[in-house]
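Structure file run.txt (compact mmCIF, C-alpha atoms and all ligand atoms) follows.
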# COMPACT_ATOMS: atom_id res chain seq x y z
CA MET A 641 57.70 70.10 43.76
CA ARG A 642 53.94 70.01 44.32
CA GLN A 643 52.69 66.84 45.92
CA SER A 644 49.54 64.84 45.40
CA ILE A 645 47.30 62.56 47.45
CA LEU A 646 44.72 60.12 46.11
CA ALA A 647 41.75 59.48 48.42
CA LEU A 648 39.59 56.41 47.79
CA ASN A 649 36.14 55.68 49.17
CA ALA A 650 34.97 52.17 48.32
CA GLY A 651 31.20 51.59 48.34
CA SER A 652 28.96 48.72 47.38
CA SER A 653 29.24 49.04 43.61
CA SER A 654 31.63 51.90 43.04
CA ILE A 655 34.88 53.36 44.33
CA LYS A 656 34.77 57.14 44.56
CA PHE A 657 38.09 58.90 44.30
CA ALA A 658 39.45 62.41 44.73
CA LEU A 659 42.89 63.65 43.77
CA TYR A 660 44.40 66.57 45.69
CA GLU A 661 47.56 68.59 45.36
CA PHE A 662 49.47 70.81 47.74
CA ALA A 663 52.81 72.50 48.27
CA SER A 664 54.52 72.71 51.68
CA SER A 665 52.04 74.03 54.27
CA GLU A 666 49.21 74.83 51.83
CA GLU A 667 45.68 73.47 52.32
CA LEU A 668 44.83 70.61 49.95
CA GLN A 669 43.46 71.68 46.57
CA LEU A 670 41.10 69.42 44.68
CA VAL A 671 42.42 68.43 41.24
CA SER A 672 39.87 65.82 40.12
CA ARG A 673 37.14 63.64 41.48
CA GLY A 674 35.28 60.72 40.02
CA ALA A 675 34.40 57.09 40.40
CA LEU A 676 35.31 53.64 39.31
CA ASP A 677 31.99 51.96 38.73
CA LEU A 678 32.24 48.21 39.18
CA GLY A 679 28.61 47.37 38.45
CA ASP A 680 27.16 45.60 35.41
CA ALA A 681 28.73 48.11 33.01
CA PRO A 682 32.10 48.92 34.59
CA LYS A 683 33.36 52.42 33.83
CA PHE A 684 35.77 55.02 35.07
CA SER A 685 34.93 58.69 35.02
CA ALA A 686 36.66 61.79 36.32
CA LYS A 687 35.85 65.48 36.51
CA ALA A 688 38.16 68.41 37.15
CA ALA A 689 37.64 70.58 40.24
CA ASP A 690 35.51 72.99 38.17
CA GLY A 691 33.21 70.13 37.11
CA THR A 692 34.56 69.73 33.56
CA LEU A 693 34.46 66.14 32.39
CA GLN A 694 38.03 64.87 32.04
CA TYR A 695 37.51 61.18 31.38
CA ASP A 696 34.58 58.79 30.92
CA ARG A 697 35.29 55.34 29.64
CA GLN A 698 33.69 51.92 29.76
CA LEU A 699 36.04 49.30 31.15
CA SER A 700 36.35 45.71 30.06
CA THR A 701 37.29 44.55 33.57
CA ASN A 702 34.20 42.46 34.43
CA GLY A 703 34.10 44.20 37.77
CA GLN A 704 37.61 43.08 38.69
CA HIS A 705 39.22 45.46 41.16
CA ASP A 706 42.80 45.03 40.02
CA ALA A 707 42.12 45.94 36.40
CA GLY A 708 39.83 48.84 37.32
CA ILE A 709 42.22 50.21 39.93
CA GLY A 710 45.09 49.79 37.45
CA GLU A 711 43.19 51.92 34.94
CA MET A 712 42.53 54.54 37.62
CA LEU A 713 46.18 54.65 38.71
CA ASN A 714 47.37 54.97 35.12
CA TRP A 715 45.00 57.86 34.56
CA VAL A 716 45.96 59.57 37.83
CA GLU A 717 49.66 59.26 36.98
CA ARG A 718 49.10 60.73 33.53
CA GLU A 719 47.24 63.66 35.12
CA LEU A 720 49.93 64.34 37.71
CA GLY A 721 52.06 66.47 35.42
CA GLY A 722 54.95 67.65 37.54
CA ARG A 723 53.35 66.59 40.83
CA LYS A 724 54.45 63.59 42.88
CA LEU A 725 51.83 61.15 44.19
CA ILE A 726 52.89 60.62 47.81
CA CYS A 727 50.18 58.27 49.01
CA ALA A 728 46.76 56.68 48.58
CA GLY A 729 44.36 57.11 51.50
CA HIS A 730 41.34 54.88 52.06
CA ARG A 731 38.08 55.03 53.93
CA ILE A 732 37.78 51.72 55.81
CA VAL A 733 34.46 50.77 57.32
CA HIS A 734 35.53 48.91 60.47
CA GLY A 735 38.49 49.62 62.72
CA GLY A 736 37.25 47.47 65.62
CA SER A 737 38.65 48.36 69.05
CA GLU A 738 42.20 48.42 67.70
CA PHE A 739 42.19 51.14 65.04
CA VAL A 740 41.05 54.37 66.65
CA GLU A 741 43.36 56.57 64.55
CA PRO A 742 44.40 56.51 60.88
CA VAL A 743 47.10 53.93 60.20
CA ARG A 744 49.84 53.27 57.63
CA LEU A 745 48.77 50.20 55.70
CA THR A 746 51.46 47.54 55.73
CA THR A 747 51.14 43.79 55.26
CA ALA A 748 50.64 43.48 59.03
CA THR A 749 48.01 46.22 59.39
CA ILE A 750 46.16 45.06 56.26
CA ASP A 751 45.97 41.56 57.81
CA ALA A 752 44.74 43.06 61.10
CA VAL A 753 42.05 45.03 59.24
CA ASP A 754 41.08 41.84 57.41
CA LYS A 755 40.63 40.05 60.76
CA LEU A 756 37.76 42.46 61.45
CA THR A 757 35.82 41.15 58.42
CA PRO A 758 33.41 39.09 60.61
CA LEU A 759 32.30 42.41 62.18
CA ALA A 760 31.41 43.88 58.75
CA PRO A 761 31.14 40.88 56.45
CA LEU A 762 29.96 42.74 53.37
CA HIS A 763 31.68 46.09 53.82
CA GLN A 764 35.17 45.21 55.04
CA PRO A 765 36.09 43.15 51.91
CA ARG A 766 35.01 46.13 49.76
CA SER A 767 37.29 48.41 51.78
CA LEU A 768 40.19 45.96 51.48
CA ALA A 769 39.93 45.19 47.75
CA PRO A 770 41.36 48.51 46.44
CA ILE A 771 44.02 48.52 49.18
CA ARG A 772 45.25 45.09 48.13
CA ALA A 773 45.00 45.98 44.45
CA ILE A 774 47.19 49.08 44.94
CA ALA A 775 49.65 47.15 47.14
CA ALA A 776 50.07 44.67 44.28
CA LEU A 777 50.18 47.22 41.45
CA ARG A 778 52.26 49.95 43.15
CA PRO A 779 54.08 48.28 46.05
CA ASP A 780 56.14 51.43 46.67
CA LEU A 781 53.15 53.77 47.02
CA PRO A 782 52.44 54.34 50.74
CA GLN A 783 48.83 53.73 51.79
CA VAL A 784 46.86 55.03 54.77
CA GLY A 785 43.61 53.70 56.22
CA CYS A 786 41.01 55.92 57.95
CA PHE A 787 38.27 54.21 59.90
CA ASP A 788 34.57 55.01 59.98
CA THR A 789 34.31 53.64 63.51
CA ALA A 790 37.12 55.80 64.94
CA PHE A 791 35.08 59.00 65.33
CA HIS A 792 32.74 57.27 67.78
CA GLN A 793 35.45 56.55 70.40
CA THR A 794 33.97 59.33 72.51
CA ILE A 795 30.68 57.48 73.08
CA ASP A 796 30.02 56.78 76.75
CA PRO A 797 30.16 53.13 77.93
CA VAL A 798 26.49 53.19 78.91
CA VAL A 799 25.53 54.15 75.35
CA ARG A 800 27.97 51.65 73.89
CA ARG A 801 26.90 48.62 75.92
CA PHE A 802 24.50 45.80 75.01
CA ALA A 803 22.51 44.17 77.79
CA LEU A 804 24.16 40.81 77.16
CA PRO A 805 26.21 38.68 79.59
CA ARG A 806 29.25 40.86 80.35
CA ARG A 807 31.90 38.49 79.00
CA TYR A 808 30.69 39.24 75.46
CA GLU A 809 31.44 42.92 75.87
CA GLN A 810 35.08 42.07 76.54
CA GLU A 811 35.06 40.14 73.25
CA GLY A 812 34.14 43.34 71.42
CA LEU A 813 30.37 42.89 71.32
CA HIS A 814 29.31 46.48 71.76
CA ARG A 815 28.14 49.36 69.62
CA TYR A 816 30.83 50.89 67.40
CA GLY A 817 28.98 53.29 65.08
CA PHE A 818 29.85 54.06 61.43
CA HIS A 819 29.88 56.96 58.91
CA GLY A 820 32.42 58.57 61.28
CA ILE A 821 34.45 60.13 58.46
CA SER A 822 31.36 61.93 57.21
CA TYR A 823 30.46 63.08 60.74
CA GLU A 824 34.01 64.32 61.26
CA TYR A 825 33.67 66.41 58.10
CA VAL A 826 30.33 67.88 59.22
CA ALA A 827 31.74 68.68 62.69
CA GLU A 828 34.67 70.50 61.02
CA ARG A 829 32.34 72.43 58.72
CA LEU A 830 30.17 73.50 61.66
CA GLU A 831 33.25 74.85 63.40
CA GLN A 832 34.35 76.67 60.23
CA ILE A 833 30.91 78.19 59.77
CA SER A 834 30.92 79.38 63.39
CA PRO A 835 32.58 78.09 66.57
CA ALA A 836 29.31 78.90 68.37
CA LEU A 837 27.53 76.51 66.04
CA MET A 838 29.88 73.67 66.87
CA SER A 839 29.23 74.13 70.58
CA LYS A 840 25.52 73.51 69.97
CA ARG A 841 24.10 70.05 70.50
CA THR A 842 23.63 68.76 66.98
CA ILE A 843 21.97 65.79 65.35
CA VAL A 844 23.53 64.93 61.99
CA ALA A 845 21.45 62.85 59.59
CA HIS A 846 23.72 61.07 57.10
CA LEU A 847 21.09 59.78 54.69
CA GLY A 848 22.62 57.93 51.75
CA ASN A 849 22.34 54.31 50.60
CA GLY A 850 23.61 53.57 54.09
CA ALA A 851 22.00 55.87 56.63
CA SER A 852 22.61 56.80 60.23
CA LEU A 853 22.28 59.65 62.70
CA CYS A 854 24.93 60.99 65.03
CA ALA A 855 24.51 63.10 68.16
CA LEU A 856 27.35 65.64 68.32
CA ARG A 857 28.29 67.63 71.40
CA GLU A 858 31.24 70.04 71.03
CA GLY A 859 31.94 68.27 67.73
CA LYS A 860 32.30 64.87 69.44
CA SER A 861 30.12 61.79 68.92
CA ILE A 862 27.87 61.15 71.93
CA ASP A 863 25.53 58.61 70.35
CA THR A 864 24.79 57.16 66.94
CA THR A 865 22.17 54.88 65.45
CA MET A 866 24.43 52.26 63.91
CA GLY A 867 25.78 49.79 66.40
CA PHE A 868 27.85 46.63 66.33
CA SER A 869 27.19 46.40 62.62
CA ALA A 870 26.15 48.73 59.82
CA LEU A 871 22.72 47.06 59.92
CA ASP A 872 21.44 48.85 63.00
CA GLY A 873 19.37 52.01 63.26
CA LEU A 874 17.59 53.62 60.33
CA VAL A 875 15.85 52.01 57.39
CA MET A 876 18.41 52.07 54.52
CA GLY A 877 18.46 51.42 50.79
CA THR A 878 18.65 47.65 51.19
CA ARG A 879 19.33 47.20 54.94
CA CYS A 880 16.61 46.70 57.53
CA GLY A 881 17.90 48.94 60.33
CA ALA A 882 17.00 48.20 63.95
CA ILE A 883 14.91 45.09 64.28
CA ASP A 884 13.52 42.99 67.10
CA PRO A 885 16.11 40.21 67.59
CA GLY A 886 13.18 37.83 68.02
CA VAL A 887 12.53 38.21 64.29
CA LEU A 888 15.99 36.82 63.55
CA LEU A 889 15.41 33.88 65.91
CA TYR A 890 12.11 33.24 64.17
CA PHE A 891 13.79 33.12 60.76
CA LEU A 892 16.56 30.82 62.00
CA LEU A 893 14.59 28.50 64.25
CA GLU A 894 11.08 28.45 62.82
CA LYS A 895 11.58 29.19 59.12
CA GLY A 896 14.85 27.24 58.90
CA ILE A 897 16.52 29.99 56.88
CA ALA A 898 20.28 29.46 56.61
CA ALA A 899 22.44 32.08 58.36
CA ASP A 900 24.07 33.27 55.12
CA GLU A 901 20.67 33.62 53.46
CA LEU A 902 19.47 35.67 56.43
CA GLN A 903 22.58 37.85 56.15
CA THR A 904 21.84 38.51 52.48
CA MET A 905 18.21 39.31 53.28
CA LEU A 906 19.10 41.79 56.05
CA TYR A 907 21.89 43.58 54.16
CA GLU A 908 20.76 43.41 50.55
CA LYS A 909 17.05 42.68 50.26
CA SER A 910 15.47 44.70 53.03
CA GLY A 911 15.10 48.44 53.72
CA LEU A 912 13.56 50.61 51.01
CA LEU A 913 14.03 47.81 48.47
CA GLY A 914 12.37 45.18 50.64
CA VAL A 915 9.40 47.28 51.72
CA SER A 916 8.71 48.77 48.29
CA GLY A 917 9.52 45.67 46.26
CA ILE A 918 10.59 48.21 43.62
CA SER A 919 13.95 49.77 44.40
CA GLY A 920 16.36 50.73 47.17
CA ASP A 921 17.06 54.01 45.43
CA MET A 922 15.20 56.96 46.95
CA ARG A 923 15.06 58.87 43.67
CA THR A 924 13.30 55.96 41.97
CA LEU A 925 10.82 55.65 44.85
CA GLU A 926 10.07 59.36 44.91
CA ALA A 927 9.34 59.23 41.17
CA SER A 928 7.03 56.20 41.56
CA SER A 929 3.26 56.43 41.90
CA ASP A 930 3.11 52.92 43.42
CA GLY A 931 1.62 52.87 46.94
CA ARG A 932 4.37 50.51 48.13
CA ALA A 933 6.99 53.11 47.24
CA ARG A 934 5.08 55.65 49.35
CA GLU A 935 4.93 53.20 52.27
CA ALA A 936 8.68 52.60 52.10
CA ILE A 937 9.34 56.37 52.09
CA GLU A 938 6.96 56.88 55.03
CA LEU A 939 8.72 54.18 57.03
CA PHE A 940 12.13 55.72 56.21
CA ALA A 941 11.04 59.16 57.49
CA PHE A 942 9.18 57.78 60.51
CA ARG A 943 12.17 55.78 61.69
CA ALA A 944 14.61 58.63 61.10
CA ALA A 945 12.47 60.99 63.22
CA ARG A 946 12.00 58.38 65.90
CA GLU A 947 15.74 57.77 66.20
CA ALA A 948 16.43 61.52 66.14
CA ALA A 949 14.20 61.91 69.18
CA ALA A 950 16.16 59.14 70.91
CA LEU A 951 19.46 60.92 70.19
CA ALA A 952 17.98 64.19 71.45
CA ASN A 953 17.27 62.33 74.66
CA THR A 954 20.89 61.15 74.93
CA MET A 955 22.04 64.79 74.72
CA GLY A 956 19.24 66.17 76.91
CA GLY A 957 18.00 68.27 73.99
CA PHE A 958 19.48 69.69 70.79
CA GLU A 959 19.77 73.02 69.00
CA CYS A 960 20.91 72.06 65.51
CA LEU A 961 19.91 69.45 62.93
CA VAL A 962 22.07 68.81 59.86
CA PHE A 963 21.12 66.81 56.77
CA THR A 964 23.87 65.32 54.65
CA ALA A 965 24.67 62.60 52.01
CA GLY A 966 22.68 61.76 48.85
CA ILE A 967 19.15 61.83 50.30
CA GLY A 968 19.88 64.38 53.03
CA GLU A 969 21.46 66.83 50.58
CA ARG A 970 19.03 66.39 47.70
CA SER A 971 15.58 65.24 48.82
CA SER A 972 13.58 68.23 50.06
CA SER A 973 10.54 66.02 50.61
CA ILE A 974 12.37 63.59 52.92
CA ARG A 975 13.83 66.51 54.89
CA LYS A 976 10.35 67.99 55.16
CA ALA A 977 8.79 64.71 56.31
CA ILE A 978 11.44 64.24 59.01
CA CYS A 979 11.31 67.88 60.17
CA ASN A 980 7.51 67.82 60.38
CA LYS A 981 7.66 64.78 62.65
CA LEU A 982 10.14 66.65 64.88
CA ALA A 983 8.04 69.83 65.08
CA TRP A 984 7.07 69.00 68.67
CA LEU A 985 10.78 69.29 69.60
CA GLY A 986 10.92 72.80 68.12
CA VAL A 987 11.96 72.04 64.54
CA GLY A 988 10.40 74.58 62.16
CA LEU A 989 11.08 74.35 58.42
CA ASP A 990 11.21 77.20 55.92
CA GLU A 991 9.74 75.49 52.88
CA PRO A 992 11.12 77.80 50.16
CA SER A 993 14.65 77.45 51.61
CA ASN A 994 14.17 73.69 51.89
CA ASP A 995 12.95 73.45 48.30
CA ALA A 996 15.95 75.52 47.19
CA HIS A 997 18.36 73.21 49.12
CA ALA A 998 19.68 76.30 50.95
CA GLY A 999 22.38 76.06 53.63
CA ILE A 1000 19.91 76.98 56.39
CA ILE A 1001 16.41 75.59 55.91
CA SER A 1002 14.81 76.30 59.30
CA SER A 1003 12.22 79.04 59.71
CA PRO A 1004 13.27 82.21 61.56
CA ASP A 1005 11.19 81.21 64.62
CA SER A 1006 12.46 77.59 64.72
CA LYS A 1007 14.04 76.63 68.07
CA ILE A 1008 16.30 74.25 66.18
CA GLU A 1009 18.59 75.50 63.41
CA VAL A 1010 18.28 73.12 60.46
CA ARG A 1011 21.10 73.01 57.94
CA VAL A 1012 22.08 71.14 54.80
CA ILE A 1013 25.82 70.43 54.53
CA ALA A 1014 27.27 68.47 51.61
CA THR A 1015 29.55 65.84 53.08
CA ASP A 1016 33.07 65.17 51.76
CA GLU A 1017 34.59 61.99 53.09
CA GLU A 1018 37.46 62.10 50.59
CA ILE A 1019 38.94 65.37 51.91
CA VAL A 1020 38.93 63.98 55.47
CA VAL A 1021 40.76 60.85 54.25
CA ALA A 1022 43.24 62.98 52.29
CA ARG A 1023 43.96 65.30 55.25
CA HIS A 1024 44.58 62.38 57.61
CA SER A 1025 46.74 60.65 55.00
CA ARG A 1026 48.88 63.76 54.60
CA VAL A 1027 49.51 63.89 58.36
CA MET A 1028 50.59 60.25 58.32
CA MET A 1029 53.28 60.86 55.67
P1 LIG B 1101 26.29 56.15 49.31
O1 LIG B 1101 25.85 55.73 50.69
O2 LIG B 1101 26.35 55.02 48.33
O3 LIG B 1101 27.49 57.07 49.27
P2 LIG B 1101 24.79 58.51 48.52
O4 LIG B 1101 25.17 59.38 49.66
O5 LIG B 1101 25.31 58.84 47.16
O6 LIG B 1101 25.04 56.98 48.80
O7 LIG B 1101 23.18 58.50 48.46
C1 LIG B 1101 22.50 57.70 47.55
C2 LIG B 1101 21.00 57.89 47.78
O8 LIG B 1101 20.69 59.27 47.53
C3 LIG B 1101 20.15 57.07 46.82
O9 LIG B 1101 19.02 56.55 47.52
C4 LIG B 1101 19.69 58.11 45.83
O10 LIG B 1101 18.46 57.79 45.22
C5 LIG B 1101 19.53 59.31 46.72
N1 LIG B 1101 19.45 60.54 45.96
C6 LIG B 1101 20.41 61.10 45.19
N2 LIG B 1101 19.92 62.22 44.58
C7 LIG B 1101 18.62 62.35 44.99
C8 LIG B 1101 17.58 63.28 44.71
N3 LIG B 1101 17.78 64.30 43.90
N4 LIG B 1101 16.39 63.09 45.32
C9 LIG B 1101 16.19 62.05 46.14
N5 LIG B 1101 17.12 61.13 46.45
C10 LIG B 1101 18.32 61.28 45.87

For the file at hand, write its structure as structure tokens.
Amino acid sequence: MRQSILALNAGSSSIKFALYEFASSEELQLVSRGALDLGDAPKFSAKAADGTLQYDRQLSTNGQHDAGIGEMLNWVERELGGRKLICAGHRIVHGGSEFVEPVRLTTATIDAVDKLTPLAPLHQPRSLAPIRAIAALRPDLPQVGCFDTAFHQTIDPVVRRFALPRRYEQEGLHRYGFHGISYEYVAERLEQISPALMSKRTIVAHLGNGASLCALREGKSIDTTMGFSALDGLVMGTRCGAIDPGVLLYFLLEKGIAADELQTMLYEKSGLLGVSGISGDMRTLEASSDGRAREAIELFAFRAAREAAALANTMGGFECLVFTAGIGERSSSIRKAICNKLAWLGVGLDEPSNDAHAGIISSPDSKIEVRVIATDEEIVVARHSRVMM
């Protein structure tokens, strides 16, 4: 009998899913992918592997996970035909120091993952909600968790460390790094494209609503821009990225802003949204003629290039630059702005290839090969989940 795996990727307002099938030693085959949108107008939509719309329905769940997940599971089970759903795999944002490999999700491991919520106060509950919903709705369906932090285990202690009193490091106050599942996918793709490519020193720019860079050497993470939390590093849709800690002290001590209000400001009201005052969505900003939108975009590109140069320094140089995720895959103007700022490091862009979103967008004489690779976090989750079964 053919078997099936459901991979779930919970984000801020939607849960992306992908359903795969396989028989014995076969590679996973995509059956459907789609999303459960839990925003103001909840809906569930799914497309077949060839892009044909299979399902698109408004939900009357008021953004409740259990009802939405229930609808998704019912649909998946109807679509299974003769296949057997053997597990649900999940992308989980924070694995702390404990979870450095995928794990079977049991009551005990779910509780342990929940204990990491203070390290990712907004993201960890979003990761846990569909896990708990499935545990309640289908208690017999095995679940596997894959951690975004796990890929960054290879980062050297000197890169990981904060210059704080040492006892805090033992408490787990160090840089973890995120988007690891996406970086793992890109590293695998580079190896598939050419083993020689994977051996190059590569900077991967995962530019989505959340955004970070990763320095890859031999396919392993050497440095990354996110740190202890998913706030660090680049300017993001609504997150501030790296900021002088003195600013936070100023807000707390001088402005008397409450800690939870500050948290909301840094995670949800800053970044592209905060600077533009218009939107945290890059497409909206690119379409706007408002000068504030332009300033937000300029800051986004400036900071990405600045951090890329810092990662190049960690690796002692680089030979390959990869753009991925929503903005990285689709915004030729952001790629151009970042590449132009890195021209002094040998990045040369081929504008027609960039405008066409080609696989290789560097010019023939560029010292750095620049690529666009569409990320696929769900297949990484599904592959790990299969191994855990
Ligand atoms: P998430 O981190 O939620 O998975 P995505 O990787 O889907 O996010 O990226 C979302 C971002 O990509 C948004 O800022 C969106 O505006 C941007 N984006 C998507 N398509 C385009 C496009 N064609 N041009 C510019 N930006 C785009």

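Distances to ligand LIG 1101 (chain B) were evaluated for A:Glu926, A:Asp751, A:Glu831, A:Glu935 using only C-alpha atoms and all ligand atoms, and the minimum falls at A:Glu926.
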
Inset, instruction - Counting all atoms listed in the file, name the residues that have an atom within 6 Å of an atom of ligand LIG 1101 (chain B); the answer should be given as a PyMOL selection string. - result: chain A and resi 651+848-850+921-923+965-967+970-971

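Distances here use all atoms listed in the file; by that measure, the residue among A:Asp863, A:Asp680, A:Glu666, A:Asp780 closest to A:Met955 is A:Asp863.
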
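Take atom CA of A:Gly988 and atom CA of A:Phe958: the distance between them is 13.4 Å.
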
I want to know what sits within 10 Å of A:Arg975, based on only C-alpha atoms, with residues of the same chain fewer than 4 positions away left out; could you give that as a compact mmCIF listing (two decimals) with C-alpha atoms, keeping the file's coordinate frame?
# COMPACT_ATOMS: atom_id res chain seq x y z
CA ALA A 845 21.45 62.85 59.59
CA LEU A 847 21.09 59.78 54.69
CA ALA A 941 11.04 59.16 57.49
CA VAL A 962 22.07 68.81 59.86
CA PHE A 963 21.12 66.81 56.77
CA ILE A 967 19.15 61.83 50.30
CA GLY A 968 19.88 64.38 53.03
CA GLU A 969 21.46 66.83 50.58
CA ARG A 970 19.03 66.39 47.70
CA SER A 971 15.58 65.24 48.82
CA CYS A 979 11.31 67.88 60.17
CA ASN A 980 7.51 67.82 60.38
CA LEU A 989 11.08 74.35 58.42
CA ASN A 994 14.17 73.69 51.89
CA ASP A 995 12.95 73.45 48.30
CA HIS A 997 18.36 73.21 49.12
CA ILE A 1001 16.41 75.59 55.91
CA VAL A 1010 18.28 73.12 60.46
CA VAL A 1012 22.08 71.14 54.80

12 Å contact set for A:Ile750, all atoms listed in the file, chain neighbours under 4 positions out, as a compact mmCIF listing (two decimals) with C-alpha atoms, in the frame of the given file:
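Resulting contents of part_29.txt:
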# COMPACT_ATOMS: atom_id res chain seq x y z
CA HIS A 730 41.34 54.88 52.06
CA ILE A 732 37.78 51.72 55.81
CA GLY A 735 38.49 49.62 62.72
CA PHE A 739 42.19 51.14 65.04
CA VAL A 743 47.10 53.93 60.20
CA ARG A 744 49.84 53.27 57.63
CA LEU A 745 48.77 50.20 55.70
CA THR A 746 51.46 47.54 55.73
CA ASP A 754 41.08 41.84 57.41
CA LYS A 755 40.63 40.05 60.76
CA LEU A 756 37.76 42.46 61.45
CA THR A 757 35.82 41.15 58.42
CA GLN A 764 35.17 45.21 55.04
CA PRO A 765 36.09 43.15 51.91
CA SER A 767 37.29 48.41 51.78
CA LEU A 768 40.19 45.96 51.48
CA ALA A 769 39.93 45.19 47.75
CA PRO A 770 41.36 48.51 46.44
CA ILE A 771 44.02 48.52 49.18
CA ARG A 772 45.25 45.09 48.13
CA ALA A 773 45.00 45.98 44.45
CA ALA A 775 49.65 47.15 47.14
CA GLN A 783 48.83 53.73 51.79
CA VAL A 784 46.86 55.03 54.77
CA GLY A 785 43.61 53.70 56.22

Once you add 3 Å to each side, what are the centre and edge lengths of the axis-aligned box holding all listed atoms of stretch 936-943 of chain A? One decimal in Å, as AutoDock Vina command-line options, if you can.
--center_x 9.6 --center_y 55.9 --center_z 56.9 --size_x 11.2 --size_y 12.6 --size_z 15.6

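Comparing A:Asn649, A:Ser916, A:Ser672, A:Thr954 by their smallest distance to A:Phe940, the closest is A:Ser916 (using all atoms listed in the file).
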
Legend entry - Close residues, A:Gly917 itself excluded, 9 Å, all atoms listed in the file, min 5 positions apart in chain, as a list in words: Leu912, Arg932 and Ala933 of chain A

Inset, instruction - For atom CA of A:Thr964 and atom CA of A:Asp1016, determine how far apart the two atoms are, in Å to one decimal place. - result: 9.6 Å

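Proximity ranking of A:Met838, A:Arg815, A:Met905, A:Ile833 relative to A:Ala803 places A:Arg815 first, based on all atoms listed in the file.
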
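Atom to atom, atom CA of A:Arg697 and atom CA of A:Val1020 stand 27.5 Å apart.
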
Inset, instruction - Identify, on the basis of only C-alpha atoms, every residue whose closest approach to A:Leu762 does not exceed 12 Å; exclude the query and any residue fewer than 6 positions from it along the same chain; express the result as a ChimeraX atom specification. - result: /A:650-653,733-734,754,756,768-769,869-871,879,900,903-904,906-908

Inset, instruction - Find the residues around A:Val875 up to 8 Å (only C-alpha atoms counted), leave out those fewer than 2 positions away in its own chain, and share them as a ChimeraX atom specification. - result: /A:851,873,877,879-882,911-912,939-940,943-944
